[in-house]
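Peer 1: File input-v2.cif follows (mmCIF, C-alpha atoms and all ligand atoms):
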data_target
#
loop_
_atom_site.label_atom_id
_atom_site.label_comp_id
_atom_site.auth_asym_id
_atom_site.auth_seq_id
_atom_site.Cartn_x
_atom_site.Cartn_y
_atom_site.Cartn_z
CA MET A 1 -30.50 25.63 -2.17
CA ASN A 2 -27.62 25.03 0.19
CA PRO A 3 -26.30 21.51 0.60
CA VAL A 4 -27.55 19.74 3.67
CA TYR A 5 -25.74 17.11 5.61
CA SER A 6 -26.35 14.64 8.38
CA PRO A 7 -26.40 15.90 11.98
CA PRO A 8 -22.99 16.64 13.44
CA HIS A 9 -21.16 13.69 14.89
CA PRO A 10 -18.59 14.31 17.66
CA ASP A 11 -15.90 13.63 15.04
CA THR A 12 -17.17 16.23 12.60
CA THR A 13 -17.40 19.33 14.75
CA GLU A 14 -15.00 22.24 14.76
CA GLY A 15 -12.32 22.01 17.40
CA SER A 16 -11.82 18.24 17.34
CA ASP A 17 -8.25 17.07 17.10
CA ASP A 18 -6.94 17.56 13.54
CA ALA A 19 -3.42 16.33 14.30
CA GLU A 20 -4.27 12.93 12.83
CA GLY A 21 -6.41 11.98 9.86
CA LEU A 22 -8.08 14.18 7.27
CA ALA A 23 -9.95 17.32 8.28
CA LEU A 24 -12.04 19.47 5.96
CA ARG A 25 -12.50 22.73 7.77
CA ARG A 26 -15.32 25.04 6.63
CA LEU A 27 -14.70 23.85 3.12
CA CYS A 28 -16.92 25.71 0.69
CA ILE A 29 -16.93 25.17 -3.08
CA ARG A 30 -18.81 27.59 -5.30
CA LEU A 31 -19.68 27.34 -8.96
CA ALA A 32 -20.78 30.52 -10.76
CA GLY A 33 -21.37 32.21 -7.40
CA LYS A 34 -23.61 29.43 -6.07
CA VAL A 35 -22.60 27.20 -3.16
CA LEU A 36 -22.13 23.66 -4.44
CA VAL A 37 -20.55 22.00 -1.39
CA ASP A 38 -20.26 23.35 2.14
CA LEU A 39 -18.96 21.05 4.81
CA ASP A 40 -16.92 20.64 7.93
CA ALA A 41 -15.73 17.12 8.66
CA HIS A 42 -12.97 15.07 10.23
CA ILE A 43 -12.01 11.52 9.26
CA ALA A 44 -9.92 9.71 11.85
CA PRO A 45 -7.13 7.32 10.72
CA GLY A 46 -8.61 4.01 9.61
CA ARG A 47 -12.16 5.40 9.39
CA ILE A 48 -14.36 5.88 6.34
CA LEU A 49 -16.60 8.88 5.67
CA THR A 50 -19.21 8.17 3.00
CA ILE A 51 -20.45 10.94 0.71
CA MET A 52 -23.69 10.35 -1.14
CA GLY A 53 -25.85 12.63 -3.27
CA PRO A 54 -27.43 13.00 -6.69
CA SER A 55 -25.55 13.38 -9.93
CA GLY A 56 -24.14 16.88 -10.21
CA SER A 57 -24.20 17.57 -6.47
CA GLY A 58 -20.42 18.06 -6.38
CA LYS A 59 -19.02 14.75 -5.13
CA SER A 60 -16.25 14.40 -7.71
CA THR A 61 -15.56 18.13 -7.50
CA LEU A 62 -15.02 17.78 -3.74
CA LEU A 63 -12.47 15.01 -4.34
CA SER A 64 -10.68 17.11 -7.00
CA VAL A 65 -10.39 19.95 -4.49
CA ILE A 66 -8.83 17.59 -1.92
CA ILE A 67 -6.28 16.16 -4.37
CA GLY A 68 -5.48 19.63 -5.69
CA THR A 69 -6.79 19.45 -9.26
CA THR A 70 -9.72 21.86 -8.94
CA ALA A 71 -11.02 23.10 -12.30
CA PRO A 72 -10.80 26.90 -12.75
CA ALA A 73 -14.61 27.24 -12.80
CA PHE A 74 -14.77 26.62 -9.03
CA THR A 75 -13.98 28.95 -6.12
CA VAL A 76 -12.83 27.27 -2.94
CA SER A 77 -12.51 28.55 0.62
CA GLY A 78 -11.65 26.77 3.84
CA ARG A 79 -8.86 24.39 4.75
CA ILE A 80 -7.82 20.81 4.08
CA VAL A 81 -5.69 19.49 6.94
CA LEU A 82 -3.90 16.13 6.67
CA ASP A 83 -2.18 14.76 9.78
CA GLY A 84 -2.02 18.25 11.21
CA THR A 85 -0.61 19.93 8.07
CA ASP A 86 -2.63 22.37 6.00
CA ILE A 87 -2.28 20.98 2.47
CA SER A 88 -4.80 23.34 0.84
CA HIS A 89 -2.16 25.17 -1.17
CA LEU A 90 0.27 22.34 -1.90
CA PRO A 91 0.65 21.01 -5.45
CA PRO A 92 -1.11 17.63 -5.98
CA GLN A 93 2.10 15.55 -5.93
CA LYS A 94 3.03 16.92 -2.49
CA ARG A 95 -0.34 16.25 -0.84
CA ARG A 96 0.07 12.50 -0.34
CA VAL A 97 -3.57 11.84 -1.08
CA GLY A 98 -4.37 8.75 -3.16
CA ILE A 99 -7.47 8.41 -5.33
CA LEU A 100 -9.24 5.55 -7.08
CA PHE A 101 -11.89 6.05 -9.76
CA GLN A 102 -14.51 3.86 -11.36
CA ASP A 103 -12.20 3.61 -14.36
CA ASP A 104 -9.00 2.03 -13.01
CA MET A 105 -6.88 4.46 -15.08
CA LEU A 106 -4.14 1.92 -15.78
CA PHE A 107 -1.81 3.21 -18.50
CA PRO A 108 -2.69 1.10 -21.56
CA HIS A 109 0.72 1.50 -23.19
CA LEU A 110 2.62 0.26 -20.12
CA SER A 111 3.00 -3.28 -18.78
CA ILE A 112 1.50 -4.16 -15.40
CA GLY A 113 4.98 -3.97 -13.85
CA ALA A 114 5.61 -0.51 -15.33
CA ASN A 115 2.18 0.65 -14.15
CA LEU A 116 3.08 -0.37 -10.60
CA ALA A 117 6.58 1.12 -10.80
CA PHE A 118 4.91 4.42 -11.71
CA GLY A 119 3.36 4.47 -8.22
CA LEU A 120 6.69 3.99 -6.43
CA PRO A 121 8.13 7.08 -4.76
CA PRO A 122 11.42 8.40 -6.23
CA ALA A 123 13.06 7.59 -2.88
CA VAL A 124 13.03 3.91 -3.88
CA ARG A 125 16.20 4.05 -5.97
CA GLY A 126 17.86 1.64 -8.33
CA ARG A 127 16.43 -0.75 -10.88
CA SER A 128 16.67 -3.86 -8.76
CA ALA A 129 15.17 -2.25 -5.64
CA ARG A 130 12.24 -0.92 -7.68
CA ARG A 131 11.76 -4.22 -9.45
CA GLU A 132 11.81 -6.08 -6.17
CA ARG A 133 9.08 -3.81 -4.76
CA VAL A 134 6.93 -4.41 -7.85
CA VAL A 135 7.39 -8.19 -7.60
CA ARG A 136 6.41 -8.12 -3.92
CA ALA A 137 3.41 -5.91 -4.66
CA LEU A 138 2.16 -8.34 -7.31
CA ALA A 139 2.56 -11.29 -4.94
CA ASP A 140 0.68 -9.33 -2.30
CA ILE A 141 -2.41 -9.12 -4.55
CA GLY A 142 -2.15 -12.68 -5.82
CA LEU A 143 -0.78 -11.73 -9.26
CA GLU A 144 2.67 -13.32 -9.22
CA GLY A 145 4.36 -13.25 -12.61
CA PHE A 146 2.10 -10.57 -14.11
CA GLU A 147 4.93 -8.01 -14.61
CA ASN A 148 5.02 -8.17 -18.38
CA ARG A 149 1.30 -8.48 -19.00
CA ASP A 150 -0.57 -5.89 -21.02
CA PRO A 151 -3.36 -4.28 -18.88
CA ALA A 152 -5.86 -5.05 -21.67
CA THR A 153 -5.41 -8.79 -21.01
CA LEU A 154 -6.46 -8.61 -17.32
CA SER A 155 -9.92 -9.23 -15.87
CA GLY A 156 -11.83 -6.41 -14.18
CA GLY A 157 -10.97 -7.70 -10.71
CA GLN A 158 -7.29 -8.10 -11.57
CA ARG A 159 -7.16 -4.55 -12.95
CA ALA A 160 -8.89 -3.23 -9.82
CA ARG A 161 -6.26 -4.91 -7.64
CA VAL A 162 -3.40 -3.46 -9.71
CA ALA A 163 -4.93 0.04 -9.51
CA LEU A 164 -5.26 -0.28 -5.72
CA MET A 165 -1.68 -1.48 -5.35
CA ARG A 166 -0.27 1.26 -7.64
CA MET A 167 -2.00 3.82 -5.44
CA LEU A 168 -0.75 2.24 -2.19
CA LEU A 169 2.84 2.01 -3.44
CA ALA A 170 2.91 5.81 -3.53
CA GLU A 171 2.45 5.69 0.28
CA PRO A 172 -0.51 8.06 0.53
CA ARG A 173 -1.64 9.42 3.91
CA ALA A 174 -5.32 9.52 2.90
CA LEU A 175 -7.47 7.71 0.39
CA LEU A 176 -10.30 9.06 -1.77
CA LEU A 177 -12.64 6.69 -3.59
CA ASP A 178 -14.86 7.95 -6.42
CA GLU A 179 -17.27 5.04 -6.96
CA PRO A 180 -14.37 2.66 -7.61
CA PHE A 181 -16.51 -0.47 -7.18
CA SER A 182 -19.44 0.46 -9.41
CA GLY A 183 -18.07 -1.13 -12.59
CA LEU A 184 -17.61 -4.53 -10.93
CA ASP A 185 -20.20 -7.30 -10.75
CA ALA A 186 -21.75 -8.12 -7.37
CA ALA A 187 -19.44 -10.87 -6.08
CA LEU A 188 -16.29 -9.13 -7.27
CA ARG A 189 -17.53 -5.88 -5.87
CA ASP A 190 -17.77 -7.31 -2.35
CA HIS A 191 -14.30 -8.80 -2.65
CA ILE A 192 -12.56 -5.66 -3.96
CA ARG A 193 -14.40 -3.44 -1.50
CA GLU A 194 -13.20 -5.61 1.40
CA LEU A 195 -9.66 -5.56 0.00
CA VAL A 196 -9.59 -1.76 -0.30
CA PHE A 197 -11.17 -1.17 3.12
CA SER A 198 -8.92 -3.66 4.89
CA ARG A 199 -5.76 -2.17 3.33
CA ALA A 200 -6.88 1.30 4.35
CA ARG A 201 -7.56 0.13 7.91
CA GLU A 202 -4.19 -1.67 8.18
CA ARG A 203 -2.39 1.49 7.10
CA ARG A 204 -4.60 3.69 9.27
CA LEU A 205 -5.58 5.80 6.30
CA PRO A 206 -8.57 8.10 6.57
CA VAL A 207 -10.90 7.30 3.64
CA LEU A 208 -13.46 9.45 1.87
CA LEU A 209 -15.82 7.27 -0.16
CA VAL A 210 -18.19 8.58 -2.83
CA THR A 211 -20.89 6.10 -3.73
CA HIS A 212 -24.48 5.69 -4.90
CA ASP A 213 -24.62 2.19 -3.46
CA GLU A 214 -26.25 1.53 -0.11
CA ALA A 215 -24.21 -1.68 0.29
CA ASP A 216 -20.95 0.30 -0.05
CA ALA A 217 -22.13 2.77 2.58
CA ARG A 218 -23.14 -0.01 4.97
CA ALA A 219 -19.82 -1.81 4.53
CA ALA A 220 -17.97 1.46 5.21
CA ALA A 221 -19.63 1.53 8.65
CA GLY A 222 -18.74 5.15 9.26
CA ASP A 223 -20.33 8.59 9.16
CA ARG A 224 -22.36 9.68 6.15
CA ILE A 225 -22.83 13.02 4.49
CA GLU A 226 -25.60 13.56 1.99
CA LEU A 227 -24.94 16.34 -0.55
CA ALA A 228 -28.13 18.02 -1.71
CA HIS A 229 -29.36 18.74 -5.18
CA THR A 230 -28.24 22.25 -6.03
CA ASP A 231 -30.38 23.13 -9.07
N1 LIG A 301 -14.59 21.48 -15.05
C1 LIG A 301 -15.79 21.94 -14.80
N2 LIG A 301 -16.14 23.20 -15.16
C2 LIG A 301 -17.39 23.69 -14.89
N3 LIG A 301 -18.35 22.99 -14.25
C3 LIG A 301 -18.07 21.74 -13.87
C4 LIG A 301 -16.79 21.15 -14.11
N4 LIG A 301 -16.79 19.89 -13.61
C5 LIG A 301 -18.03 19.70 -13.10
N5 LIG A 301 -18.80 20.80 -13.24
C6 LIG A 301 -20.17 20.98 -12.75
O1 LIG A 301 -20.12 20.95 -11.33
C7 LIG A 301 -21.25 20.26 -10.81
C8 LIG A 301 -20.78 19.11 -9.93
O2 LIG A 301 -20.16 18.11 -10.75
P1 LIG A 301 -19.54 16.78 -10.14
O3 LIG A 301 -18.83 16.10 -11.23
O4 LIG A 301 -18.77 17.15 -8.92
O5 LIG A 301 -20.85 15.99 -9.70
P2 LIG A 301 -20.97 14.53 -9.04
O6 LIG A 301 -21.70 14.72 -7.75
O7 LIG A 301 -19.64 13.87 -8.98
O8 LIG A 301 -21.95 13.79 -10.06
P3 LIG A 301 -21.97 12.22 -10.54
O9 LIG A 301 -22.72 11.48 -9.46
O10 LIG A 301 -22.75 12.29 -11.81
O11 LIG A 301 -20.57 11.76 -10.73
C9 LIG A 301 -22.07 19.83 -12.02
O12 LIG A 301 -23.10 20.78 -12.19
C10 LIG A 301 -21.09 19.85 -13.16
O13 LIG A 301 -21.76 20.14 -14.38
MG MG A 302 -18.82 12.18 -9.94
#
For the structure just supplied, provide its representation as structure tokens.
Ligand SMILES: Nc1ncnc2c1ncn2[C@@H]1O[C@H](COP(=O)(O)OP(=O)(O)OP(=O)(O)O)[C@@H](O)[C@H]1O
Ligand SMILES: [Mg+2]

Peer 2:
Amino acid sequence: MNPVYSPPHPDTTEGSDDAEGLALRRLCIRLAGKVLVDLDAHIAPGRILTIMGPSGSGKSTLLSVIIGTTAPAFTVSGRIVLDGTDISHLPPQKRRVGILFQDDMLFPHLSIGANLAFGLPPAVRGRSARRERVVRALADIGLEGFENRDPATLSGGQRARVALMRMLLAEPRALLLDEPFSGLDAALRDHIRELVFSRARERRLPVLLVTHDEADARAAAGDRIELAHTD
């Protein structure tokens, strides 16, 4: 069965302006000859497109295609256009697409400061300039003085904030979220979700959110695409 998606919105039709934001143009992902994902969508700067669908419907695969880490089992056609540039064939590090997962993926063997410094672009040169950016980033998320802490000693909410900040320090032009709030308890979940969404809005980043949670989708307040079961 082919994937189905919600009725076209003016923003998601072919021919809309792709000069800004993230456009997925006739993007088709096949696995063993079968169509897994087939969509055409545009996410304007500062807007959130929510992708829902059952386990195995291709949500994480879609995000891997956008960041450029597609597994060899998949065949992809179509285009990924970011701020007017076709990034479909660029290596992942040149795409300027940030991603957050359910697991915060902090490096366990590095301090919090070193984890954040990892996100900094090479253009920020010199030890003191890099350190200064890390100190400011920590203050920005209410974690002053956490530079030398071991990630294992942080709470779930603190780790989530560090992961968000590490991703933002890399100055992405789009943000992908693969159920990043689902490991957090209810109160924390609302708080971190608001933090991520507000940072994305401030920076005018287009956001693609994968979630199973109706509350996430409501808070995103944008278009929705439902991927179908493909078995
Ligand atoms: N590296 C891979 N090689 C081959 N098949 C894969 C690979 N990764 C995923 N798949 C298959 O592709 C399909 C889509 O997987 P995907 O991880 O994208 O689903 P999902 O929608 O993210 O599911 P979930 O909600 O459980 O996270 C599944 O049938 C999965 O078994
Ligand atoms: Mg997944």

Peer 1: Excluding Ala220 (chain A) and residues on its chain fewer than 3 positions from it, collect all residues at most 7 Å away from it, counting all atoms listed in the file, and give them as a VMD selection string.

Peer 2: chain A and resid 48 216 to 217

Peer 1: Considering all atoms listed in the file, return as a ChimeraX atom specification whatever protein or nucleic-acid residues lie within 7 Å of Asp38 (chain A), sequence-local ones (same chain, fewer than 3 positions apart) excluded.

Peer 2: /A:3,26-29,35

Peer 1: Given all atoms listed in the file as the basis, pick out the residue of A:Ala215, A:Val210, A:Ala129, A:Leu24 nearest to ligand LIG 301 (chain A).

Peer 2: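 Looking at the shortest contact to ligand LIG 301 (chain A), the residue is A:Val210.
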
Peer 1: Counting all atoms listed in the file, what are the residues, protein, DNA or RNA alike, that approach ligand LIG 301 (chain A) to within 6 Å? I want them as a list in words.

Peer 2: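 My answer, listing the contacting residues, is Pro54, Ser55, Gly56, Ser57, Gly58, Lys59, Ser60, Thr61, Ala71 and Ala73 of chain A.
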
Peer 1: Please provide the set of residues having any atom within 9 Å of His89 (chain A), restricted to all atoms listed in the file, with same-chain residues fewer than 6 positions apart removed, written as a VMD selection string.

Peer 2: chain A and resid 68 79 to 80

Peer 1: Find the spatial neighbours of Gly46 (chain A), counting only C-alpha atoms, within a cut-off of 12 Å - ignore same-chain residues fewer than 5 positions away - and output them as a list in words.

Peer 2: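 Residues near the query, excluding close chain neighbours: Glu20, Gly21, Leu22, Arg173, Ala174, Leu175, Val196, Phe197, Ser198, Arg199, Ala200, Arg201, Glu202, Arg203, Arg204, Leu205, Pro206, Val207, Leu208, Ala220, Ala221 and Gly222 of chain A.
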
Peer 1: Neighbours of Ser64 (chain A) within 12 Å (only C-alpha atoms; same-chain residues fewer than 5 positions away dropped), as a VMD selection string?

Peer 2: chain A and resid 29 58 to 59 69 to 72 74 76 88 92 97 to 101 176 to 178

Peer 1: So, counting only C-alpha atoms and all ligand atoms, which residue among A:Gly126, A:Gly53, A:Pro151, A:Gly145 is closest to ligand MG 302 (chain A)?

Peer 2: A:Gly53

Peer 1: Restricting the calculation to only C-alpha atoms and all ligand atoms, which member of A:Ile141, A:Leu164, A:Ala219, A:Leu209 is positioned closest to ligand MG 302 (chain A)?

Peer 2: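 With only C-alpha atoms and all ligand atoms as the atom set, the closest residue is A:Leu209.
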
Peer 1: Interatomic distance between CA of Ala137 (chain A) and CA of Thr153 (chain A)?

Peer 2: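 So the two atoms, CA of Ala137 (chain A) and CA of Thr153 (chain A), lie 18.8 Å apart.
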
Peer 1: May I ask which of the residues A:Ala160, A:Leu169, A:Leu82, A:Ala152 is the closest one to Arg133 (chain A), counting all atoms listed in the file?

Peer 2: A:Leu169

Peer 1: Between CA of Asp40 (chain A) and CA of Arg25 (chain A), what is the spacing in Å?

Peer 2: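 Rounded to one decimal, the two atoms are 4.9 Å apart.
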
Peer 1: Give me, please, the distance in Å between CA of Asp150 (chain A) and CA of Leu116 (chain A), quoted to one decimal.

Peer 2: 12.3 Å

Peer 1: Looking at A:Val81, A:Ala32, A:Ala163, A:Ala228, which one is nearest to Met52 (chain A), with distances taken over all atoms listed in the file?

Peer 2: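 Ranking A:Val81, A:Ala32, A:Ala163, A:Ala228 by distance to Met52 (chain A), first place goes to A:Ala228.
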
Peer 1: So, counting only C-alpha atoms, which residue among A:Val124, A:Ala187, A:Leu31, A:Ile67 is closest to Leu90 (chain A)?

Peer 2: A:Ile67
